[in-house]
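Shown next: final-v7.txt, given as compact mmCIF, C-alpha atoms.
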# COMPACT_ATOMS: atom_id res chain seq x y z
CA PHE A 216 -14.94 -4.14 -9.82
CA GLU A 217 -12.90 -2.18 -12.38
CA GLN A 218 -14.41 1.10 -11.21
CA GLU A 219 -13.66 0.30 -7.55
CA ALA A 220 -10.09 -0.71 -8.39
CA ARG A 221 -9.59 2.54 -10.31
CA MET A 222 -10.96 4.64 -7.44
CA ARG A 223 -8.82 2.83 -4.88
CA LYS A 224 -5.74 3.53 -6.97
CA GLN A 225 -6.71 7.19 -7.34
CA GLY A 226 -6.85 7.61 -3.58
CA THR A 227 -3.69 5.69 -2.75
CA GLU A 228 -1.66 7.35 -5.50
CA MET A 229 -2.61 10.78 -4.16
CA MET A 230 -1.50 9.71 -0.66
CA SER A 231 1.78 8.37 -2.04
CA HIS A 232 2.49 11.55 -3.98
CA CYS A 233 1.50 13.97 -1.21
CA ALA A 234 3.28 12.02 1.53
CA LYS A 235 6.53 12.61 -0.35
CA ASP A 236 5.75 16.30 -0.81
CA LEU A 237 5.05 16.55 2.94
CA ASN A 238 8.34 14.77 3.72
CA MET A 239 6.52 11.99 5.53
CA GLU A 240 8.24 8.70 6.18
CA ALA A 241 7.16 5.68 4.15
CA ARG A 242 5.50 4.09 7.20
CA VAL A 243 3.04 7.00 7.35
CA MET A 244 2.04 6.51 3.71
CA ILE A 245 1.62 2.74 4.22
CA CYS A 246 -0.49 3.31 7.34
CA ALA A 247 -2.69 5.82 5.48
CA GLN A 248 -3.21 3.49 2.53
CA THR A 249 -4.12 0.65 4.90
CA PHE A 250 -6.73 2.85 6.64
CA PHE A 251 -8.14 3.79 3.24
CA HIS A 252 -8.56 0.17 2.14
CA ARG A 253 -10.00 -0.84 5.53
CA PHE A 254 -12.59 1.91 5.37
CA PHE A 255 -13.75 0.87 1.92
CA MET A 256 -13.89 -2.78 2.94
CA ILE A 257 -17.07 -1.86 4.84
CA ASN A 258 -18.21 1.07 2.67
CA ASN A 259 -19.00 1.16 -1.03
CA ILE A 260 -16.27 3.28 -2.62
CA ALA A 261 -18.34 3.81 -5.76
CA GLN A 262 -21.32 5.23 -3.84
CA GLN A 263 -21.20 8.92 -3.03
CA PRO A 264 -22.95 9.87 0.24
CA SER A 265 -26.01 12.09 -0.05
CA SER A 266 -24.20 14.87 1.83
CA VAL A 267 -21.79 15.44 -1.08
CA PRO A 268 -22.84 18.63 -2.87
CA ALA A 269 -23.78 18.58 -6.55
CA GLY A 270 -23.56 21.23 -9.23
CA PRO A 271 -21.18 24.20 -9.45
CA LYS A 272 -19.53 25.39 -6.26
CA ARG A 273 -20.86 28.47 -4.52
CA ALA A 274 -18.82 31.49 -3.45
CA GLY A 275 -16.73 30.83 -0.36
CA GLU A 276 -16.63 27.09 -1.00
CA PRO A 277 -13.67 24.95 -2.10
CA GLU A 278 -13.76 22.93 -5.30
CA HIS A 279 -15.89 19.81 -5.06
CA THR A 280 -13.95 16.61 -4.33
CA PRO A 281 -15.19 13.01 -4.78
CA HIS A 282 -15.90 11.38 -1.44
CA HIS A 283 -13.21 8.70 -1.80
CA MET A 284 -10.56 11.36 -2.39
CA MET A 285 -11.65 13.30 0.69
CA VAL A 286 -11.43 10.05 2.69
CA ALA A 287 -7.89 9.64 1.35
CA VAL A 288 -6.95 13.10 2.64
CA ALA A 289 -8.41 12.24 6.05
CA CYS A 290 -6.53 8.92 6.15
CA LEU A 291 -3.24 10.68 5.41
CA PHE A 292 -3.85 13.24 8.16
CA LEU A 293 -4.88 10.51 10.61
CA ALA A 294 -1.93 8.23 9.80
CA ALA A 295 0.53 11.04 10.43
CA LYS A 296 -0.79 11.34 13.98
CA VAL A 297 -0.97 7.59 14.58
CA GLU A 298 2.63 7.12 13.43
CA GLU A 299 3.71 10.08 15.59
CA TYR A 300 4.73 12.10 12.56
CA PRO A 301 2.05 14.82 12.76
CA LYS A 302 1.57 17.51 10.16
CA PHE A 303 -0.49 20.69 10.36
CA LEU A 304 -3.90 20.26 8.79
CA ASP A 305 -3.31 23.38 6.68
CA ASP A 306 -0.25 21.71 5.11
CA VAL A 307 -2.05 18.43 4.43
CA VAL A 308 -4.96 20.32 2.84
CA ARG A 309 -2.64 22.50 0.75
CA PHE A 310 -0.66 19.65 -0.80
CA THR A 311 -3.60 17.32 -1.38
CA TYR A 312 -5.72 20.15 -2.81
CA HIS A 313 -2.89 21.10 -5.16
CA PHE A 314 -2.69 17.48 -6.33
CA ARG A 315 -6.42 17.44 -7.14
CA HIS A 316 -7.08 20.96 -8.39
CA GLY A 317 -3.78 22.58 -9.34
CA LYS A 318 -1.77 25.61 -8.29
CA GLU A 319 -4.23 28.43 -9.07
CA ALA A 320 -7.15 26.85 -7.22
CA THR A 321 -4.90 26.06 -4.24
CA GLU A 322 -3.66 29.63 -3.96
CA ALA A 323 -7.27 30.86 -3.98
CA LEU A 324 -8.20 28.32 -1.30
CA MET A 325 -5.32 29.19 1.04
CA ALA A 326 -6.06 32.91 0.67
CA ASP A 327 -9.66 32.46 1.84
CA LYS A 328 -8.85 31.31 5.38
CA GLU A 329 -12.24 32.02 6.91
CA GLY A 330 -14.22 30.77 3.95
CA ALA A 331 -13.22 28.03 1.55
CA LEU A 332 -10.20 26.86 3.59
CA LYS A 333 -12.28 26.49 6.74
CA VAL A 334 -14.92 24.50 4.82
CA GLU A 335 -12.26 22.21 3.34
CA LYS A 336 -10.64 21.60 6.74
CA ASP A 337 -14.03 20.84 8.28
CA ARG A 338 -14.69 18.28 5.53
CA VAL A 339 -11.38 16.56 6.27
CA LEU A 340 -12.06 16.44 10.01
CA THR A 341 -15.57 15.09 9.42
CA CYS A 342 -14.15 12.34 7.20
CA GLU A 343 -11.46 11.58 9.78
CA ARG A 344 -14.07 10.99 12.49
CA LEU A 345 -16.01 8.80 10.05
CA VAL A 346 -12.93 6.70 9.27
CA VAL A 347 -12.05 6.19 12.93
CA SER A 348 -15.58 5.20 13.93
CA ASN A 349 -16.05 2.88 10.95
CA MET A 350 -12.82 1.04 11.82
CA GLY A 351 -14.07 0.55 15.37
CA PHE A 352 -11.30 2.80 16.71
CA ASP A 353 -8.76 0.09 15.77
CA LEU A 354 -5.80 2.11 14.49
CA HIS A 355 -3.15 -0.61 14.77
CA VAL A 356 -1.36 -1.40 11.49
CA THR A 357 1.27 -4.09 10.94
CA SER A 358 2.99 -3.44 7.65
CA PRO A 359 4.28 -6.27 5.41
CA HIS A 360 7.29 -4.04 4.77
CA CYS A 361 8.55 -4.51 8.33
CA LYS A 362 8.25 -8.30 7.92
CA LEU A 363 10.26 -8.38 4.70
CA GLY A 364 13.68 -7.80 6.25
CA PRO A 365 13.56 -10.81 8.62
CA VAL A 366 12.41 -13.10 5.78
CA VAL A 367 15.26 -11.93 3.54
CA ASP A 368 17.76 -12.35 6.39
CA ALA A 369 16.57 -15.92 7.02
CA VAL A 370 16.99 -16.81 3.35
CA LEU A 371 20.45 -15.21 3.26
CA GLU A 372 21.48 -17.21 6.32
CA VAL A 373 20.73 -20.44 4.46
CA ALA A 374 22.41 -19.11 1.31
CA ALA A 375 25.58 -18.08 3.16
CA ALA A 376 25.84 -21.53 4.74
CA GLU A 377 25.87 -23.00 1.23
CA GLY A 378 28.39 -20.49 -0.09
CA ARG A 379 25.90 -18.69 -2.31
CA THR A 380 27.85 -15.49 -2.92
CA ASP A 381 25.42 -14.38 -5.66
CA LEU A 382 22.60 -13.92 -3.14
CA VAL A 383 24.84 -12.24 -0.60
CA ARG A 384 26.05 -9.88 -3.32
CA GLU A 385 22.58 -9.06 -4.64
CA HIS A 386 20.68 -8.96 -1.34
CA LYS A 387 20.16 -5.18 -1.48
CA SER A 388 18.72 -5.43 -4.98
CA LEU A 389 16.45 -8.27 -3.86
CA LEU A 390 15.22 -6.30 -0.88
CA SER A 391 14.63 -3.18 -2.99
CA LEU A 392 12.73 -5.08 -5.67
CA ALA A 393 10.57 -6.94 -3.16
CA THR A 394 9.83 -3.62 -1.43
CA ASN A 395 8.72 -2.16 -4.76
CA PHE A 396 6.32 -5.08 -5.21
CA LEU A 397 4.89 -4.39 -1.75
CA ASN A 398 4.56 -0.68 -2.56
CA ASP A 399 2.64 -1.56 -5.72
CA SER A 400 0.35 -3.87 -3.74
CA MET A 401 -0.65 -1.00 -1.45
CA HIS A 402 -2.65 0.54 -4.30
CA HIS A 403 -4.94 -2.50 -4.41
CA LEU A 404 -7.11 -4.56 -2.10
CA ILE A 405 -4.66 -7.48 -2.21
CA CYS A 406 -2.63 -5.76 0.52
CA LEU A 407 -5.38 -6.74 3.00
CA GLN A 408 -5.99 -10.25 1.65
CA HIS A 409 -2.92 -11.84 3.25
CA ARG A 410 -1.24 -11.59 6.63
CA PRO A 411 1.77 -9.22 6.59
CA THR A 412 4.39 -11.99 6.78
CA ARG A 413 2.76 -13.93 3.98
CA MET A 414 2.51 -10.79 1.85
CA ALA A 415 6.24 -10.22 2.40
CA ALA A 416 6.99 -13.81 1.32
CA ILE A 417 4.93 -13.37 -1.87
CA ALA A 418 6.82 -10.18 -2.72
CA LEU A 419 10.19 -11.86 -2.13
CA ALA A 420 9.20 -14.88 -4.25
CA MET A 421 8.29 -12.52 -7.08
CA ALA A 422 11.59 -10.66 -6.69
CA GLU A 423 13.45 -13.98 -6.78
CA LYS A 424 11.68 -15.07 -9.98
CA PHE A 425 12.33 -11.73 -11.67
CA MET A 426 16.04 -11.69 -10.85
CA VAL A 427 16.46 -15.35 -11.81
CA GLY A 428 14.83 -14.51 -15.14
CA LYS A 429 17.33 -11.66 -15.61
CA GLU A 430 20.13 -14.14 -14.75
CA LYS A 431 21.34 -11.95 -11.90
CA ILE A 432 21.00 -14.78 -9.36
CA LYS A 433 20.32 -18.49 -9.25
CA PRO A 434 17.15 -19.78 -7.53
CA PHE A 435 17.19 -19.59 -3.74
CA PRO A 436 18.56 -22.72 -2.02
CA ARG A 437 16.03 -25.30 -0.94
CA VAL A 438 15.63 -26.07 2.77
CA LYS A 439 14.99 -29.27 4.66
CA VAL A 440 11.54 -29.62 6.25
CA ASP A 441 10.53 -32.95 7.81
CA GLY A 442 13.34 -34.70 5.97
CA GLU A 443 12.47 -33.29 2.53
CA MET A 444 14.17 -30.55 0.52
CA VAL A 445 11.52 -27.95 -0.29
CA PRO A 446 11.35 -24.30 -1.48
CA TRP A 447 12.20 -21.73 1.17
CA TRP A 448 8.59 -20.51 1.52
CA CYS A 449 7.56 -23.97 2.79
CA SER A 450 9.66 -23.41 5.93
CA MET A 451 7.73 -21.80 8.78
CA ARG A 452 11.10 -20.93 10.35
CA ILE A 453 11.88 -18.66 7.40
CA VAL A 454 8.42 -17.31 6.67
CA ASP A 455 7.48 -17.18 10.37
CA ASP A 456 3.82 -17.81 9.61
CA ASP A 457 1.20 -19.96 11.30
CA GLU A 458 0.92 -22.15 8.22
CA ALA A 459 3.46 -23.29 5.65
CA ILE A 460 3.01 -22.16 2.04
CA SER A 461 2.94 -24.97 -0.51
CA SER A 462 4.34 -24.51 -4.01
CA ASP A 463 0.85 -24.63 -5.51
CA MET A 464 -0.36 -21.98 -3.07
CA MET A 465 2.58 -19.69 -3.85
CA ARG A 466 1.94 -20.07 -7.56
CA ARG A 467 -1.71 -19.06 -7.07
CA TYR A 468 -0.71 -16.15 -4.85
CA MET A 469 1.73 -14.83 -7.44
CA LYS A 470 -0.76 -15.23 -10.26
CA ASP A 471 -3.40 -13.38 -8.23
CA PHE A 472 -0.87 -10.62 -7.47
CA HIS A 473 -0.16 -10.11 -11.17
CA SER A 474 -3.87 -10.19 -11.96
CA GLN A 475 -4.82 -7.57 -9.36
CA VAL A 476 -1.81 -5.27 -9.38
CA TYR A 477 -0.54 -5.41 -12.95
CA ARG A 478 -3.73 -6.60 -14.64
CA GLN A 479 -1.92 -9.64 -16.07
CA ASP A 480 -3.74 -12.96 -16.05
CA ASP A 481 -1.47 -15.07 -18.21
CA ASP A 482 0.69 -17.88 -16.93
CA GLU A 483 3.70 -16.32 -18.68
CA ALA A 484 3.76 -13.66 -15.97
CA ILE A 485 4.58 -16.22 -13.30
CA SER A 486 6.15 -19.14 -15.12

How does the structure come out when it is put into structure tokens?
Amino acid sequence: FEQEARMRKQGTEMMSHCAKDLNMEARVMICAQTFFHRFFMINNIAQQPSSVPAGPKRAGEPEHTPHHMMVAVACLFLAAKVEEYPKFLDDVVRFTYHFRHGKEATEALMADKEGALKVEKDRVLTCERLVVSNMGFDLHVTSPHCKLGPVVDAVLEVAAAEGRTDLVREHKSLLSLATNFLNDSMHHLICLQHRPTRMAAIALAMAEKFMVGKEKIKPFPRVKVDGEMVPWWCSMRIVDDDEAISSDMMRRYMKDFHSQVYRQDDDEAIS
């Protein structure tokens, strides 16, 4: 499990870094990371396919790249097209190759257009076809990031009705912090373990707890559900989910988030 988690993070961190270098929007990076995790839900990330070459590279070949990193390159290239933010394959190869092998090796690769560069591009395209077929040609991605805004707005609506100026004042900081939690989750399998709206609610609950601990805000106002005053995540109107989240469930979700993403398993992280 530790090896798989490390390899997942290697791939997603490369996509995050190179997406910025390629001036891609955040939605492209999120889509690429989702494809990457989906692919390795049905493939063993720690197992290299037999087609991967071994030993020193031969003349006219690019540097060898672990299979999961080549899949990451393919997912980034594919996501750019799916999100209608296409990039030339040469550019995607150049930036991702530089991330893996450095400036000197990248310059040598780009200079050998009919040799090493062509081989590298063919590897990416082969991986891209493999990713698409393995996902059953289902390229639809709903990001938890796009669900976060409506959840925050619903909480702020309740807060404003109660005169909670602290939440209105700090709403941008709350949204930014919750977004950072979601970004961190995209490096780990937990991003696929919950529906997007529920993942957004978990991130916001963690942002709330952090800012309450820093004494920047007071706890979010409770809401009335079936005649009882309960935490905001228990309201399906706010969370907009098929099933309400109980306090015990949210506590387990937050503990699991810390365990997977930050490798913390102590109750102090969520208390």

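Using all atoms listed in the file, the nearest neighbour of Leu371 in chain A within the list A:Val427, A:Ala289, A:Ile245, A:Ile453 is A:Ile453.
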
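The two atoms in question, CA of Glu329 in chain A and CA of Val307 in chain A, are spaced 17.2 Å apart.
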
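Ranking A:Met350, A:Ala376, A:Val476, A:Leu293 by their shortest atom-to-atom distance to Cys406 in chain A, with only C-alpha atoms included, puts A:Val476 first.
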
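Each of A:Val440, A:Ile260, A:Met469, A:Leu332 was compared to Ser400 in chain A using only C-alpha atoms, and A:Met469 turns out to be the nearest.
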
Q: Considering all atoms listed in the file, state which residue in the set A:Trp448, A:Met464, A:Asp337, A:Met325 is at the smallest distance from Ala369 in chain A.
A: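 That would be A:Trp448, the residue with the smallest distance to Ala369 in chain A.
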
Q. Within 8 Å of range 223-238 of chain A, counting all atoms listed in the file, which residues qualify if same-chain residues fewer than 5 places away don't, as an MDAnalysis selection string?
A. chainID A and resid 243:244 247:248 251:252 260 283:284 287:288 291 306:307 310:311 314 401:403

Q | d(CA of Phe303 in chain A, CA of Ala323 in chain A) in Å | A |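 Interatomic distance, CA of Phe303 in chain A to CA of Ala323 in chain A: 18.8 Å.
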
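The shortest atom-to-atom distance to Glu298 in chain A, with all atoms listed in the file taken into account, belongs to A:Thr357 out of A:Gln475, A:Ser391, A:Thr357, A:Asn398.
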
(Q) Set the distance at 12 Å and use only C-alpha atoms: which residues neighbour range 381-390 of chain A once local chain neighbours fewer than 3 positions away are removed? I'd like the list as a PyMOL selection string. (A) chain A and resi 360-378+393-397+415-416+418-427+430-436

Q. Excluding same-chain residues fewer than 4 positions from Val445 in chain A, what lies within 12 Å of it counting only C-alpha atoms, as a list in words?
A. Phe435, Pro436, Arg437, Val438, Lys439, Val440, Asp441, Cys449, Ser450, Met451, Ala459, Ile460, Ser461 and Ser462 of chain A

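Counting from CA of Asn258 in chain A, the distance to CA of Asp353 in chain A is 16.2 Å.
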